[in-house]
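Novice: Below you will find the structure I want to go over with you.
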Protein chains: 2
Amino acid sequence: MIWSNFKAWQVARALASWGRPTFREKKLMATTFKRTIWLDEKDPTIVHIIDQRKLPHSYETMALKTADDAINAIADMAVRGAPLIGATGAYGVYLGLLEEKEEFRSLAERMKRARPTAVNLAWAVDRIAEAIGDAGSAGAAQRALGEAEAIVEEDVEICRQIGVHGLRLIEEIAARKQGPVNVLTHCNAGSLATIEWGTATSPIYHAHEKGIPIHVWVDETRPRNQGASLTAYELGAHGVPHTVIVDNAGGHLMQHGEVDLVLVGTDRTTRTGDVCNKIGTYLKALAASDCGVPFYVGAPSPSIDWSVRDGLREIPIEERSGEEVSYLEGQGASAVTRVRLTPEASPCVNPAFDVTPARLVTGLITERGICPATEEGLLSLFPENA
Amino acid sequence: MIWSNFKAWQVARALASWGRPTFREKKLMATTFKRTIWLDEKDPTIVHIIDQRKLPHSYETMALKTADDAINAIADMAVRGAPLIGATGAYGVYLGLLEEKEEFRSLAERMKRARPTAVNLAWAVDRIAEAIGDAGSAGAAQRALGEAEAIVEEDVEICRQIGVHGLRLIEEIAARKQGPVNVLTHCNAGSLATIEWGTATSPIYHAHEKGIPIHVWVDETRPRNQGASLTAYELGAHGVPHTVIVDNAGGHLMQHGEVDLVLVGTDRTTRTGDVCNKIGTYLKALAASDCGVPFYVGAPSPSIDWSVRDGLREIPIEERSGEEVSYLEGQGASAVTRVRLTPEASPCVNPAFDVTPARLVTGLITERGICPATEEGLLSLFPENA
């Protein structure tokens, strides 16, 4: 079977200029938690994902067999998180090519429209297009698969490297304090948003794997509750001690010395170090600054938008439906149930992200190392963008 | 019937050293919203309350006929908010005296235990005890009722005065901007927490009554959602334009100039101006300070604890059940339903209040006027506490 050889070659290519996971790193990830997307081991025409809409109340996987399966999984948010959306789109194009019933151009366009605001989706589909080049139909599918696997392995390695670098911060705190290192995180910048490791969570998993006592304060993250549902779920699955708190509580905990480090992700980082992330991140950065708590951002280089200098003025903030505020889903007595929280006549607004100015960010943890949240800092690690 | 005369005398006494509500003030409150507690118009042995546990999904009143009815209403949180708890306890003692089946001392003790942490409850019961003095059993009930009515009227007048003073802040903003004055509030420091007017909401109602265009951003206020349920409900009932937002959104709105004024309540104010209020207030104060938005606190003098200097070190913060974080109630398809939000294995913690340091508070709005959040400021209005 050529698939496994091909996959091995792609992995080797993706990792060529990188470190390699240690045995213990591999063991941690392999034994405690599946990746968020994977090719069926026996039938390479099937791609599996976790249906994240069902978490934390039930763990269900979905088999994607067609391009439409992938498009629906993205559009209906069975998968979310920019890197994972990109990977699903890439695999989806591969599945579409196997079907041999639609022109590539139309397939690619439909895939990109599944969630038009996710930059990674268009980027991943374009990468597949480039990889295919002028290959014939059978060769095209194989090349698409290879590129999809490369995209996946690159993301895994970026996240792993963020963990390797971020681990140092946790080790430094552990060296000077008694008891567990208390990390506060907001939203889900975890393995569920990526393929494996996550961004903000990668240093946490690395510390936990090294036996450093660590405890995570998990912000609920209203309105979509990605913290209470996804981050709490995956930390639990990895065996990392954690406690869920409402978004209102983090400032109080910082005032009382209960937080040693804030670690969050980023949806878009400016070349000057401003961080656009899930709504509410700015409030935690303010509290961290006021209380002298270090505030770090797991920032993979694909999140850096080198064309933007002023995050607050230049980054448009997605307004999502007010129904995400007025309604909430949870596990009822017998089934997952949707309930209304607000008076029917009260309107709601729902900005999805906010911008944390660079001045409130202690540092950015990238796959190439940690740097100050400044243009000079970022260019010292990524001089090719000068 | 002597009740109505007696009541009129009590009201006159309570208002003797105060201003009187204007005709328009009376009209606003009388026509749009009932008080939160009132004596039955025909049968003065019955006290009515709003069952606040049912809001915002249904408006139901409850008739209290015995001391136990009042104790249960307080303990089960059909009524909440320190002033309203105090008033309910006072009326409850009156109802108990009418029953003539329990000694006053035992009745008073049971009433105080209904919610032991609510300072106003013990204070109100003690006031009743003092008012009764050595009156015989029939006279005792009458004096208790008189004192309960006095407690109620004093609270109404304190809240009204906070509105009169706070209105000036809103008028100043309205004078220099186009469009509505945007006020952000957290939790419910509204009429539902008091008898009428509320504390933080009183300037808002006064401005609305004067025809000043005003719009309120209502923080949801997790975990108990007093904003999304109670504040949104009462603003709607009074016809005040408002929009519900998640607690995470306020900082972003302030960054973008969408908030002109933050107005919150206080559970306990130190003599130095620190403000202990619902968890999350501190985060909004930080954002207001960072964005140059004035941050004012509706602070009735009974909330000032003259014995405390350092709110952060000296005020113990109530830890409530983690189940308030992991479970939430809302209106389901057919009934109010409780749903679980978090993984079953994930613990939750739930601090109920935080302390906003005085340096982040622009000013305190008391019933005697507005002052800086400093010891000098407070003593300038309340010199008797020097």
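By order in the structure tokens, chains are A, B, ...; within a chain, residues start at 1; ligands start at 1, following the order shown.
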Residues of chain A that have any atom at most 6 Å from an atom of chain B: could you tabulate them with the shortest-distance atom pair and the distance in Å to one decimal, using only C-alpha atoms, ordered by chain and increasing number, as a tab-separated table?
Specialist:
```
residue	atom	partner	partner_atom	distance
A:Pro56	CA	B:Pro343	CA	5.3
A:Ala228	CA	B:Thr342	CA	5.1
A:Ser229	CA	B:Thr342	CA	5.4
A:Thr243	CA	B:Pro347	CA	5.1
A:Val244	CA	B:Cys348	CA	4.6
A:Ile245	CA	B:Val349	CA	5.8
A:Asn248	CA	B:Gly280	CA	4.0
A:His252	CA	B:Asp354	CA	5.6
A:Ile279	CA	B:Asn248	CA	5.7
A:Gly280	CA	B:Asn248	CA	4.0
A:Leu283	CA	B:Leu283	CA	5.9
A:Gly330	CA	B:Val339	CA	4.7
A:Gln331	CA	B:Arg340	CA	4.8
A:Gly332	CA	B:Val339	CA	4.4
A:Val339	CA	B:Gly332	CA	4.5
A:Arg340	CA	B:Gln331	CA	4.8
A:Leu341	CA	B:Gly330	CA	5.0
A:Thr342	CA	B:Ala228	CA	5.1
A:Pro343	CA	B:Pro56	CA	5.4
A:Pro347	CA	B:Thr243	CA	5.1
A:Cys348	CA	B:Val244	CA	4.6
A:Val349	CA	B:Ile245	CA	5.8
A:Asp354	CA	B:His252	CA	5.6
```
Novice: Please indicate the distance in Å from CA of Leu364 (chain B) to CA of Ala87 (chain B), rounded to one decimal place.
Specialist: 24.1 Å
Novice: Contacts of Glu99 (chain B) at 12 Å or less, counting only C-alpha atoms, minus same-chain residues fewer than 6 places along, as an MDAnalysis selection string?
Specialist: chainID B and resid 45:46 65:68 92:93 107 137:138 140:141
Novice: Limited to all heavy atoms, could you put the picked residues into a file as a PDB file, in the first residue's frame?
Specialist:
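Below you can see again.pdb, which holds the result:
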```pdb
ATOM      1  N   THR B  45     -52.855  42.258  56.664  1.00  0.00           N
ATOM      2  CA  THR B  45     -52.148  41.110  57.244  1.00  0.00           C
ATOM      3  C   THR B  45     -51.442  40.315  56.149  1.00  0.00           C
ATOM      4  O   THR B  45     -50.940  39.225  56.396  1.00  0.00           O
ATOM      5  CB  THR B  45     -53.115  40.172  57.999  1.00  0.00           C
ATOM      6  OG1 THR B  45     -53.989  39.536  57.035  1.00  0.00           O
ATOM      7  CG2 THR B  45     -53.964  40.952  58.996  1.00  0.00           C
ATOM      8  N   ILE B  46     -51.425  40.856  54.952  1.00  0.00           N
ATOM      9  CA  ILE B  46     -50.773  40.178  53.825  1.00  0.00           C
ATOM     10  C   ILE B  46     -49.743  41.116  53.196  1.00  0.00           C
ATOM     11  O   ILE B  46     -50.035  42.287  52.956  1.00  0.00           O
ATOM     12  CB  ILE B  46     -51.808  39.766  52.752  1.00  0.00           C
ATOM     13  CG1 ILE B  46     -52.845  38.797  53.353  1.00  0.00           C
ATOM     14  CG2 ILE B  46     -51.103  39.116  51.551  1.00  0.00           C
ATOM     15  CD1 ILE B  46     -53.959  38.424  52.396  1.00  0.00           C
ATOM     16  N   LYS B  65     -48.031  35.497  54.285  1.00  0.00           N
ATOM     17  CA  LYS B  65     -49.052  35.628  55.333  1.00  0.00           C
ATOM     18  C   LYS B  65     -48.512  35.295  56.718  1.00  0.00           C
ATOM     19  O   LYS B  65     -49.165  35.579  57.720  1.00  0.00           O
ATOM     20  CB  LYS B  65     -50.248  34.710  55.020  1.00  0.00           C
ATOM     21  CG  LYS B  65     -50.933  35.094  53.717  1.00  0.00           C
ATOM     22  CD  LYS B  65     -52.074  34.144  53.370  1.00  0.00           C
ATOM     23  CE  LYS B  65     -52.709  34.578  52.054  1.00  0.00           C
ATOM     24  NZ  LYS B  65     -53.695  33.600  51.561  1.00  0.00           N
ATOM     25  N   THR B  66     -47.349  34.665  56.755  1.00  0.00           N
ATOM     26  CA  THR B  66     -46.775  34.285  58.045  1.00  0.00           C
ATOM     27  C   THR B  66     -45.284  34.619  58.060  1.00  0.00           C
ATOM     28  O   THR B  66     -44.674  34.859  57.013  1.00  0.00           O
ATOM     29  CB  THR B  66     -46.911  32.760  58.275  1.00  0.00           C
ATOM     30  OG1 THR B  66     -46.101  32.091  57.285  1.00  0.00           O
ATOM     31  CG2 THR B  66     -48.347  32.283  58.139  1.00  0.00           C
ATOM     32  N   ALA B  67     -44.715  34.565  59.262  1.00  0.00           N
ATOM     33  CA  ALA B  67     -43.270  34.781  59.377  1.00  0.00           C
ATOM     34  C   ALA B  67     -42.521  33.728  58.566  1.00  0.00           C
ATOM     35  O   ALA B  67     -41.518  34.030  57.914  1.00  0.00           O
ATOM     36  CB  ALA B  67     -42.852  34.717  60.845  1.00  0.00           C
ATOM     37  N   ASP B  68     -43.004  32.494  58.601  1.00  0.00           N
ATOM     38  CA  ASP B  68     -42.323  31.438  57.846  1.00  0.00           C
ATOM     39  C   ASP B  68     -42.367  31.693  56.341  1.00  0.00           C
ATOM     40  O   ASP B  68     -41.418  31.388  55.630  1.00  0.00           O
ATOM     41  CB  ASP B  68     -42.941  30.066  58.175  1.00  0.00           C
ATOM     42  CG  ASP B  68     -42.432  29.547  59.517  1.00  0.00           C
ATOM     43  OD1 ASP B  68     -41.362  30.022  59.959  1.00  0.00           O
ATOM     44  OD2 ASP B  68     -43.100  28.688  60.116  1.00  0.00           O
ATOM     45  N   GLY B  92     -41.691  40.480  57.776  1.00  0.00           N
ATOM     46  CA  GLY B  92     -41.850  39.108  58.269  1.00  0.00           C
ATOM     47  C   GLY B  92     -42.034  39.068  59.778  1.00  0.00           C
ATOM     48  O   GLY B  92     -42.865  38.308  60.294  1.00  0.00           O
ATOM     49  N   VAL B  93     -41.254  39.909  60.477  1.00  0.00           N
ATOM     50  CA  VAL B  93     -41.410  39.966  61.934  1.00  0.00           C
ATOM     51  C   VAL B  93     -42.808  40.487  62.284  1.00  0.00           C
ATOM     52  O   VAL B  93     -43.479  39.971  63.174  1.00  0.00           O
ATOM     53  CB  VAL B  93     -40.315  40.849  62.559  1.00  0.00           C
ATOM     54  CG1 VAL B  93     -40.603  41.104  64.040  1.00  0.00           C
ATOM     55  CG2 VAL B  93     -38.945  40.197  62.388  1.00  0.00           C
ATOM     56  N   LEU B 107     -38.592  34.478  67.293  1.00  0.00           N
ATOM     57  CA  LEU B 107     -38.986  34.920  65.950  1.00  0.00           C
ATOM     58  C   LEU B 107     -37.868  35.741  65.300  1.00  0.00           C
ATOM     59  O   LEU B 107     -37.475  35.505  64.147  1.00  0.00           O
ATOM     60  CB  LEU B 107     -40.269  35.758  66.084  1.00  0.00           C
ATOM     61  CG  LEU B 107     -40.773  36.527  64.866  1.00  0.00           C
ATOM     62  CD1 LEU B 107     -41.194  35.557  63.763  1.00  0.00           C
ATOM     63  CD2 LEU B 107     -41.971  37.423  65.260  1.00  0.00           C
ATOM     64  N   SER B 137     -48.870  42.980  73.010  1.00  0.00           N
ATOM     65  CA  SER B 137     -48.814  42.204  71.770  1.00  0.00           C
ATOM     66  C   SER B 137     -49.538  42.882  70.600  1.00  0.00           C
ATOM     67  O   SER B 137     -49.042  42.877  69.480  1.00  0.00           O
ATOM     68  CB  SER B 137     -49.353  40.797  72.011  1.00  0.00           C
ATOM     69  OG  SER B 137     -50.732  40.866  72.281  1.00  0.00           O
ATOM     70  N   ALA B 138     -50.702  43.482  70.805  1.00  0.00           N
ATOM     71  CA  ALA B 138     -51.395  44.150  69.696  1.00  0.00           C
ATOM     72  C   ALA B 138     -50.608  45.377  69.250  1.00  0.00           C
ATOM     73  O   ALA B 138     -50.329  45.580  68.069  1.00  0.00           O
ATOM     74  CB  ALA B 138     -52.801  44.552  70.120  1.00  0.00           C
ATOM     75  N   ALA B 140     -47.475  45.876  69.605  1.00  0.00           N
ATOM     76  CA  ALA B 140     -46.187  45.475  69.037  1.00  0.00           C
ATOM     77  C   ALA B 140     -46.300  45.290  67.537  1.00  0.00           C
ATOM     78  O   ALA B 140     -45.461  45.772  66.772  1.00  0.00           O
ATOM     79  CB  ALA B 140     -45.690  44.193  69.700  1.00  0.00           C
ATOM     80  N   ALA B 141     -47.350  44.588  67.097  1.00  0.00           N
ATOM     81  CA  ALA B 141     -47.516  44.342  65.664  1.00  0.00           C
ATOM     82  C   ALA B 141     -47.667  45.658  64.919  1.00  0.00           C
ATOM     83  O   ALA B 141     -47.073  45.867  63.856  1.00  0.00           O
ATOM     84  CB  ALA B 141     -48.726  43.438  65.418  1.00  0.00           C
TER      85      ALA B 141
END
```
Novice: For region 174-181 of chain B, list every protein, DNA or RNA residue within 12 Å, evaluated using only C-alpha atoms, and leave out those in the same chain fewer than 5 positions away; present the list as a compact mmCIF listing (two decimals) with N, CA, C and O atoms, in the first residue's frame.
Specialist:
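Everything below was put into part_8.txt:
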```txt
# COMPACT_ATOMS: atom_id res chain seq x y z
N LEU B 167 -28.10 61.89 38.17
CA LEU B 167 -28.66 62.45 36.94
C LEU B 167 -27.76 63.54 36.37
O LEU B 167 -27.60 63.65 35.14
N ARG B 168 -27.13 64.33 37.24
CA ARG B 168 -26.25 65.42 36.77
C ARG B 168 -25.13 64.90 35.87
O ARG B 168 -24.77 65.53 34.87
N LEU B 169 -24.57 63.74 36.24
CA LEU B 169 -23.49 63.15 35.43
C LEU B 169 -23.98 62.84 34.03
O LEU B 169 -23.30 63.09 33.03
N PRO B 203 -30.09 56.90 38.67
CA PRO B 203 -29.79 58.00 37.74
C PRO B 203 -30.29 57.70 36.32
O PRO B 203 -30.72 58.62 35.61
N ILE B 204 -30.26 56.44 35.93
CA ILE B 204 -30.73 56.05 34.59
C ILE B 204 -32.23 56.31 34.47
O ILE B 204 -32.70 56.92 33.49
N ALA B 207 -32.88 60.03 34.31
CA ALA B 207 -32.55 60.60 33.00
C ALA B 207 -33.62 60.23 31.97
O ALA B 207 -34.07 61.07 31.18
N HIS B 208 -34.03 58.98 31.99
CA HIS B 208 -35.05 58.51 31.06
C HIS B 208 -36.35 59.30 31.27
O HIS B 208 -36.99 59.74 30.31
N LYS B 210 -36.63 62.23 32.37
CA LYS B 210 -36.45 63.62 31.90
C LYS B 210 -36.39 63.73 30.38
O LYS B 210 -36.22 64.83 29.84
N GLY B 211 -36.43 62.58 29.72
CA GLY B 211 -36.40 62.62 28.26
C GLY B 211 -34.99 62.66 27.67
O GLY B 211 -34.83 62.90 26.47
N ILE B 212 -33.97 62.45 28.49
CA ILE B 212 -32.60 62.40 27.97
C ILE B 212 -32.43 61.06 27.25
O ILE B 212 -32.70 60.01 27.83
N PRO B 213 -31.97 61.08 25.99
CA PRO B 213 -31.81 59.79 25.30
C PRO B 213 -30.73 58.98 26.00
O PRO B 213 -29.60 59.45 26.18
N ILE B 214 -31.07 57.79 26.42
CA ILE B 214 -30.13 56.97 27.18
C ILE B 214 -30.25 55.53 26.71
O ILE B 214 -31.34 55.08 26.31
N HIS B 215 -29.14 54.82 26.70
CA HIS B 215 -29.11 53.40 26.33
C HIS B 215 -28.17 52.69 27.28
O HIS B 215 -27.09 53.18 27.57
N VAL B 216 -28.60 51.53 27.77
CA VAL B 216 -27.82 50.82 28.79
C VAL B 216 -27.26 49.52 28.23
O VAL B 216 -28.00 48.69 27.67
N TRP B 217 -25.93 49.33 28.36
CA TRP B 217 -25.31 48.03 28.11
C TRP B 217 -25.45 47.22 29.39
O TRP B 217 -24.91 47.60 30.43
N VAL B 240 -36.75 51.56 29.19
CA VAL B 240 -35.42 52.13 28.94
C VAL B 240 -34.70 51.29 27.89
O VAL B 240 -34.52 50.08 28.07
N PRO B 241 -34.25 51.91 26.79
CA PRO B 241 -33.52 51.15 25.76
C PRO B 241 -32.27 50.50 26.35
O PRO B 241 -31.53 51.15 27.10
N HIS B 242 -32.03 49.25 26.03
CA HIS B 242 -30.89 48.54 26.60
C HIS B 242 -30.51 47.38 25.69
O HIS B 242 -31.30 46.95 24.84
N GLY B 257 -15.24 53.48 22.18
CA GLY B 257 -16.01 54.69 22.45
C GLY B 257 -17.51 54.45 22.58
O GLY B 257 -18.30 55.39 22.48
N GLU B 258 -17.89 53.19 22.82
CA GLU B 258 -19.32 52.88 22.88
C GLU B 258 -19.91 53.00 24.28
O GLU B 258 -21.08 52.69 24.50
N VAL B 259 -19.08 53.38 25.25
CA VAL B 259 -19.56 53.53 26.63
C VAL B 259 -19.17 54.92 27.11
O VAL B 259 -18.00 55.30 27.06
N ASP B 260 -20.17 55.69 27.59
CA ASP B 260 -19.90 57.04 28.09
C ASP B 260 -19.70 57.06 29.59
O ASP B 260 -19.10 57.98 30.14
N LEU B 261 -20.25 56.06 30.27
CA LEU B 261 -20.29 56.08 31.73
C LEU B 261 -20.53 54.65 32.21
O LEU B 261 -21.37 53.95 31.66
N VAL B 262 -19.76 54.23 33.23
CA VAL B 262 -20.06 52.97 33.90
C VAL B 262 -20.72 53.31 35.23
O VAL B 262 -20.25 54.18 35.97
```
Novice: So which one's closest to Gly265 (chain B), B:Arg368, B:His165, B:Arg35, B:His186? Using only C-alpha atoms, please.
Specialist: B:His186
Novice: If I take CA of Thr117 (chain B) and CA of Arg160 (chain B), how far is one from the other in Å, to one decimal?
Specialist: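 Those two atoms sit 25.9 Å apart.
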Novice: Give the strand (DSSP E) residues of region 148-322 of chain A, as DSSP finds them on the backbone, and put them as a PyMOL selection string.
Specialist: chain A and resi 181-185+214-219+242-245+261-264+268-270+275-278+295-298+304-305
Novice: May I have all residues of region 167-373 of chain B that DSSP, computed from the backbone, assigns to alpha helix (DSSP H), given as a ChimeraX atom specification?
Specialist: /B:167-176,201-209,226,232-238,250-255,281-291,311-314,323-326
Novice: Just want the 9 Å neighbourhood of Leu192 (chain B), counted on only C-alpha atoms, with same-chain residues fewer than 4 positions away dropped. Output as a list in words.
Specialist: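 In the requested format, the answer is Arg35, Thr36, Ile50, Gln52, Val79, Arg80, Gly81, Leu84, Asn188, Glu196, Trp197, Gly198, Leu230, Thr231 and Glu234 of chain B.
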Novice: Please indicate the distance in Å from CA of Val293 (chain B) to CA of Cys187 (chain A), rounded to one decimal place.
Specialist: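 Rounded to one decimal, the two atoms are 26.6 Å apart.
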Novice: Show me a table, sorted first by chain and then by increasing residue number, of the residues of region 134-245 of chain A having an atom at most 12 Å from region 39-42 of chain A, each with its shortest atom pair and the distance in Å to one decimal, counting only C-alpha atoms and written as JSON lines.
Specialist:
```
{"residue": "A:Leu145", "atom": "CA", "partner": "A:Leu39", "partner_atom": "CA", "distance": 9.6}
{"residue": "A:Gly146", "atom": "CA", "partner": "A:Leu39", "partner_atom": "CA", "distance": 11.5}
{"residue": "A:Ala148", "atom": "CA", "partner": "A:Leu39", "partner_atom": "CA", "distance": 10.4}
{"residue": "A:Glu149", "atom": "CA", "partner": "A:Leu39", "partner_atom": "CA", "distance": 9.1}
{"residue": "A:Val152", "atom": "CA", "partner": "A:Leu39", "partner_atom": "CA", "distance": 11.1}
```
Novice: Take the residues that were just selected and, keeping all heavy atoms, output them as a PDB file, in the first residue's frame.
Specialist:
```
ATOM      1  N   LEU A 145      -3.714  14.693  -0.971  1.00  0.00           N
ATOM      2  CA  LEU A 145      -3.584  14.026   0.329  1.00  0.00           C
ATOM      3  C   LEU A 145      -2.226  14.332   0.950  1.00  0.00           C
ATOM      4  O   LEU A 145      -2.124  14.634   2.144  1.00  0.00           O
ATOM      5  CB  LEU A 145      -3.771  12.509   0.174  1.00  0.00           C
ATOM      6  CG  LEU A 145      -3.572  11.719   1.473  1.00  0.00           C
ATOM      7  CD1 LEU A 145      -4.586  12.136   2.533  1.00  0.00           C
ATOM      8  CD2 LEU A 145      -3.659  10.213   1.210  1.00  0.00           C
ATOM      9  N   GLY A 146      -1.209  14.230   0.113  1.00  0.00           N
ATOM     10  CA  GLY A 146       0.132  14.518   0.628  1.00  0.00           C
ATOM     11  C   GLY A 146       0.225  15.917   1.217  1.00  0.00           C
ATOM     12  O   GLY A 146       0.774  16.129   2.305  1.00  0.00           O
ATOM     13  N   ALA A 148      -2.262  17.799   2.302  1.00  0.00           N
ATOM     14  CA  ALA A 148      -3.094  17.883   3.510  1.00  0.00           C
ATOM     15  C   ALA A 148      -2.322  17.340   4.714  1.00  0.00           C
ATOM     16  O   ALA A 148      -2.313  17.944   5.791  1.00  0.00           O
ATOM     17  CB  ALA A 148      -4.399  17.111   3.309  1.00  0.00           C
ATOM     18  N   GLU A 149      -1.660  16.215   4.496  1.00  0.00           N
ATOM     19  CA  GLU A 149      -0.891  15.628   5.604  1.00  0.00           C
ATOM     20  C   GLU A 149       0.268  16.552   6.000  1.00  0.00           C
ATOM     21  O   GLU A 149       0.608  16.683   7.178  1.00  0.00           O
ATOM     22  CB  GLU A 149      -0.350  14.254   5.194  1.00  0.00           C
ATOM     23  CG  GLU A 149      -1.434  13.278   4.745  1.00  0.00           C
ATOM     24  CD  GLU A 149      -1.893  12.349   5.862  1.00  0.00           C
ATOM     25  OE1 GLU A 149      -1.040  11.774   6.537  1.00  0.00           O
ATOM     26  OE2 GLU A 149      -3.128  12.223   6.051  1.00  0.00           O
ATOM     27  N   VAL A 152      -1.067  19.326   8.110  1.00  0.00           N
ATOM     28  CA  VAL A 152      -1.345  18.811   9.446  1.00  0.00           C
ATOM     29  C   VAL A 152      -0.044  18.666  10.254  1.00  0.00           C
ATOM     30  O   VAL A 152       0.045  19.115  11.400  1.00  0.00           O
ATOM     31  CB  VAL A 152      -2.082  17.452   9.333  1.00  0.00           C
ATOM     32  CG1 VAL A 152      -1.956  16.642  10.610  1.00  0.00           C
ATOM     33  CG2 VAL A 152      -3.546  17.695   8.971  1.00  0.00           C
TER      34      VAL A 152
END
```
